[in-house]
Amino acid sequence: MDTKALFKLSYGLFVLSTNDGERDNACIINTAIQVTDNPNRISITVNKQNLTHDMIKQSGKFTVSVLSEKAPFALFQRFGFQSGRNADKFAGFDGWKRGYNGTAIVTEGTNAFISAWVTDVVDLDTHTMFIAAVTDMEVLDDAPSATYAYYHSHIKPKPAAAPTDSGKTVWRCTVCGYEYEGDPLPADFICPLCKHPASDFEKVTK
């Protein structure tokens with residue numbers, strides 16, 4: 001079975017933000033979608049290992065900021081390649097504003113936002129699906145939305161070739177570029193940066 005077939009599905013990319021009353025946090029997701037238009041509801045699916053997941057369960061609110069083709073790679077690094085458990089992702093970042101529901105709206109590199117309150121929660125083993133009622137939304141820019149494919153082709157830097165004389169086996173995450181040294185790569189390995197599974201790693205040198 002070729003799991004890369006899933007990459008052919010058309011995914012958008014989003015900054016998912018929330019606030020628990022004490023702090024802001026956000027992560028990158030590709031799982032936001034409209035569920036119904038009357039009433040207007042959307043759903044998001046979030047990995048349970050993410051701090052944003054726990055904060056949404058606590059607060060019951062979030063904002064999805066839609067990343068556009070203008071989004072710089074630095075935006076993905078800020079919100080996707082570090083954990084809110086040991087970093088303030090909004091520190092030194094001016095490209096956002098506060099929404100009506102109290103969560104952060106990312107305005108840099110985005111073309112729209114949708115804010116919502118959670119109405120239903122579905123447990124999906126490693127992830128949780130939050131279904132939510134839309135409370136506010138706005139178009140911010142006319143730039144096209146960034147798809148997962150566009151990110152890989154035009155935003156994400158191409159990794160440098162790994163040295164061939166290191167004497168080590170290196171597995172590289174095809175999503176974020178994280179490298180794991182050792183052989184074999186454990187079948188249940190999860191990328192510590194982007195939370196993608198071992199199936200998204202490729203052997204780059206030996």
# chains A, B, ... in the order shown; residues from 1 in each chain; ligands from 1

$ residues_around --residues "range 119-122 of chain A" --least-positions-apart "4" --cutoff "9 Å" --atoms "only C-alpha atoms" --output "PyMOL selection string"
chain A and resi 57+60+127-133

$ residues_around --residues "Thr110 in chain A" --least-positions-apart "5" --cutoff "7 Å" --atoms "only C-alpha atoms" --output "mmCIF file with C-alpha atoms, in the first residue's frame"
data_model
loop_
_atom_site.group_PDB
_atom_site.id
_atom_site.type_symbol
_atom_site.label_atom_id
_atom_site.label_comp_id
_atom_site.auth_asym_id
_atom_site.auth_seq_id
_atom_site.Cartn_x
_atom_site.Cartn_y
_atom_site.Cartn_z
ATOM 1 C CA SER A 65 -5.958 31.599 9.981
ATOM 2 C CA VAL A 66 -5.727 30.478 6.343
ATOM 3 C CA LEU A 67 -2.137 30.506 5.074
ATOM 4 C CA SER A 68 -1.634 32.023 1.642
ATOM 5 C CA ALA A 71 3.463 32.932 3.710
#

$ residues_around --residues "range 192-203 of chain A" --least-positions-apart "3" --cutoff "12 Å" --atoms "only C-alpha atoms" --output "JSON, numbers by chain"
{"A": [1, 2, 3, 4, 5, 6, 7, 27, 28, 29, 30, 46, 47, 48, 49, 50, 76, 77, 78, 79, 80, 81, 82, 83, 84, 126, 127, 161, 162, 164, 168, 169, 170, 171, 172, 173, 174, 175, 176, 177, 178, 179, 180, 181, 182, 183, 184, 185, 186, 187, 188, 189, 206]}

$ residues_around --residues "Gly21 in chain A" --least-positions-apart "5" --cutoff "10 Å" --atoms "only C-alpha atoms" --output "PyMOL selection string"
chain A and resi 55+58-59+102-103

$ select_by_dssp --residues "range 65-140 of chain A" --states "alpha helix (DSSP H)" --output "PyMOL selection string"
chain A and resi 73-80

$ atom_distance --atom1 "CA of Asn19 in chain A" --atom2 "CA of Asp54 in chain A"
10.6 Å

$ closest_residue --among "A:Phe62, A:Phe73, A:Phe113, A:Tyr100" --to "Tyr151 in chain A" --atoms "only C-alpha atoms"
A:Phe73

$ atom_distance --atom1 "CA of Phe93 in chain A" --atom2 "CA of Thr52 in chain A"
17.9 Å

$ atom_distance --atom1 "CA of Pro72 in chain A" --atom2 "CA of Ile155 in chain A"
6.7 Å

$ closest_residue --among "A:Thr18, A:Val134, A:Val118, A:Lys61" --to "Asp37 in chain A" --atoms "only C-alpha atoms"
A:Val134

$ closest_residue --among "A:Asn25, A:Ser10, A:Thr107, A:Thr147" --to "His53 in chain A" --atoms "only C-alpha atoms"
A:Asn25

$ decode --residues "range 33-70 of chain A" --atoms "N, CA and C atoms" --output "short mmCIF file (atom, residue, chain, number, x, y, z; two decimals), in the first residue's frame"
data_model
loop_
_atom_site.label_atom_id
_atom_site.label_comp_id
_atom_site.auth_asym_id
_atom_site.auth_seq_id
_atom_site.Cartn_x
_atom_site.Cartn_y
_atom_site.Cartn_z
N ILE A 33 -11.95 22.23 7.72
CA ILE A 33 -12.91 22.11 6.62
C ILE A 33 -14.28 22.58 7.07
N GLN A 34 -15.05 23.13 6.13
CA GLN A 34 -16.43 23.50 6.44
C GLN A 34 -17.27 22.24 6.50
N VAL A 35 -18.12 22.16 7.53
CA VAL A 35 -18.98 20.99 7.72
C VAL A 35 -20.39 21.28 7.22
N THR A 36 -20.96 22.40 7.65
CA THR A 36 -22.29 22.83 7.20
C THR A 36 -22.28 24.34 7.03
N ASP A 37 -23.24 24.86 6.24
CA ASP A 37 -23.32 26.31 6.06
C ASP A 37 -24.56 26.90 6.71
N ASN A 38 -25.47 26.05 7.21
CA ASN A 38 -26.65 26.57 7.90
C ASN A 38 -27.14 25.55 8.93
N PRO A 39 -26.66 25.66 10.18
CA PRO A 39 -25.77 26.71 10.72
C PRO A 39 -24.34 26.53 10.22
N ASN A 40 -23.57 27.61 10.28
CA ASN A 40 -22.21 27.58 9.75
C ASN A 40 -21.28 26.93 10.77
N ARG A 41 -20.77 25.73 10.40
CA ARG A 41 -19.87 25.00 11.29
C ARG A 41 -18.64 24.54 10.51
N ILE A 42 -17.51 24.46 11.21
CA ILE A 42 -16.29 23.92 10.64
C ILE A 42 -15.77 22.83 11.56
N SER A 43 -14.84 22.04 11.05
CA SER A 43 -14.18 21.05 11.90
C SER A 43 -12.67 21.19 11.74
N ILE A 44 -11.97 20.85 12.81
CA ILE A 44 -10.51 20.77 12.79
C ILE A 44 -10.13 19.45 13.45
N THR A 45 -9.00 18.89 13.06
CA THR A 45 -8.49 17.67 13.69
C THR A 45 -7.07 17.95 14.15
N VAL A 46 -6.81 17.67 15.45
CA VAL A 46 -5.55 18.08 16.05
C VAL A 46 -4.90 16.89 16.76
N ASN A 47 -3.59 16.75 16.58
CA ASN A 47 -2.83 15.70 17.25
C ASN A 47 -2.87 15.93 18.76
N LYS A 48 -3.12 14.85 19.51
CA LYS A 48 -3.23 14.96 20.96
C LYS A 48 -1.92 15.34 21.64
N GLN A 49 -0.79 15.19 20.95
CA GLN A 49 0.50 15.56 21.54
C GLN A 49 0.73 17.07 21.53
N ASN A 50 -0.07 17.80 20.76
CA ASN A 50 0.13 19.24 20.66
C ASN A 50 -0.49 19.98 21.85
N LEU A 51 0.22 20.96 22.36
CA LEU A 51 -0.31 21.80 23.43
C LEU A 51 -1.58 22.51 22.99
N THR A 52 -1.64 22.92 21.74
CA THR A 52 -2.84 23.59 21.23
C THR A 52 -4.07 22.71 21.41
N HIS A 53 -3.90 21.41 21.21
CA HIS A 53 -5.00 20.46 21.41
C HIS A 53 -5.56 20.57 22.83
N ASP A 54 -4.67 20.52 23.82
CA ASP A 54 -5.11 20.56 25.21
C ASP A 54 -5.76 21.89 25.56
N MET A 55 -5.23 22.97 25.00
CA MET A 55 -5.77 24.30 25.29
C MET A 55 -7.15 24.48 24.67
N ILE A 56 -7.38 23.90 23.49
CA ILE A 56 -8.71 23.99 22.88
C ILE A 56 -9.72 23.18 23.68
N LYS A 57 -9.31 22.01 24.17
CA LYS A 57 -10.21 21.21 25.00
C LYS A 57 -10.60 21.99 26.26
N GLN A 58 -9.68 22.77 26.78
CA GLN A 58 -9.95 23.55 27.98
C GLN A 58 -10.80 24.79 27.70
N SER A 59 -10.44 25.52 26.65
CA SER A 59 -11.09 26.81 26.39
C SER A 59 -12.35 26.70 25.54
N GLY A 60 -12.38 25.69 24.65
CA GLY A 60 -13.53 25.52 23.77
C GLY A 60 -13.60 26.54 22.64
N LYS A 61 -12.48 27.18 22.33
CA LYS A 61 -12.51 28.19 21.27
C LYS A 61 -11.19 28.17 20.49
N PHE A 62 -11.27 28.62 19.24
CA PHE A 62 -10.07 28.66 18.40
C PHE A 62 -10.30 29.57 17.21
N THR A 63 -9.22 29.90 16.53
CA THR A 63 -9.27 30.60 15.26
C THR A 63 -8.40 29.87 14.26
N VAL A 64 -8.89 29.72 13.05
CA VAL A 64 -8.14 29.16 11.94
C VAL A 64 -7.75 30.31 11.02
N SER A 65 -6.46 30.59 10.90
CA SER A 65 -5.96 31.60 9.98
C SER A 65 -5.45 30.87 8.74
N VAL A 66 -6.01 31.20 7.58
CA VAL A 66 -5.73 30.48 6.34
C VAL A 66 -4.43 30.99 5.72
N LEU A 67 -3.42 30.12 5.65
CA LEU A 67 -2.14 30.51 5.07
C LEU A 67 -2.25 30.69 3.57
N SER A 68 -1.60 31.73 3.07
CA SER A 68 -1.63 32.02 1.64
C SER A 68 -0.28 31.72 1.01
N GLU A 69 -0.22 31.87 -0.29
CA GLU A 69 1.04 31.65 -1.01
C GLU A 69 2.08 32.71 -0.68
N LYS A 70 1.70 33.76 0.02
CA LYS A 70 2.66 34.77 0.47
C LYS A 70 3.35 34.38 1.77
#
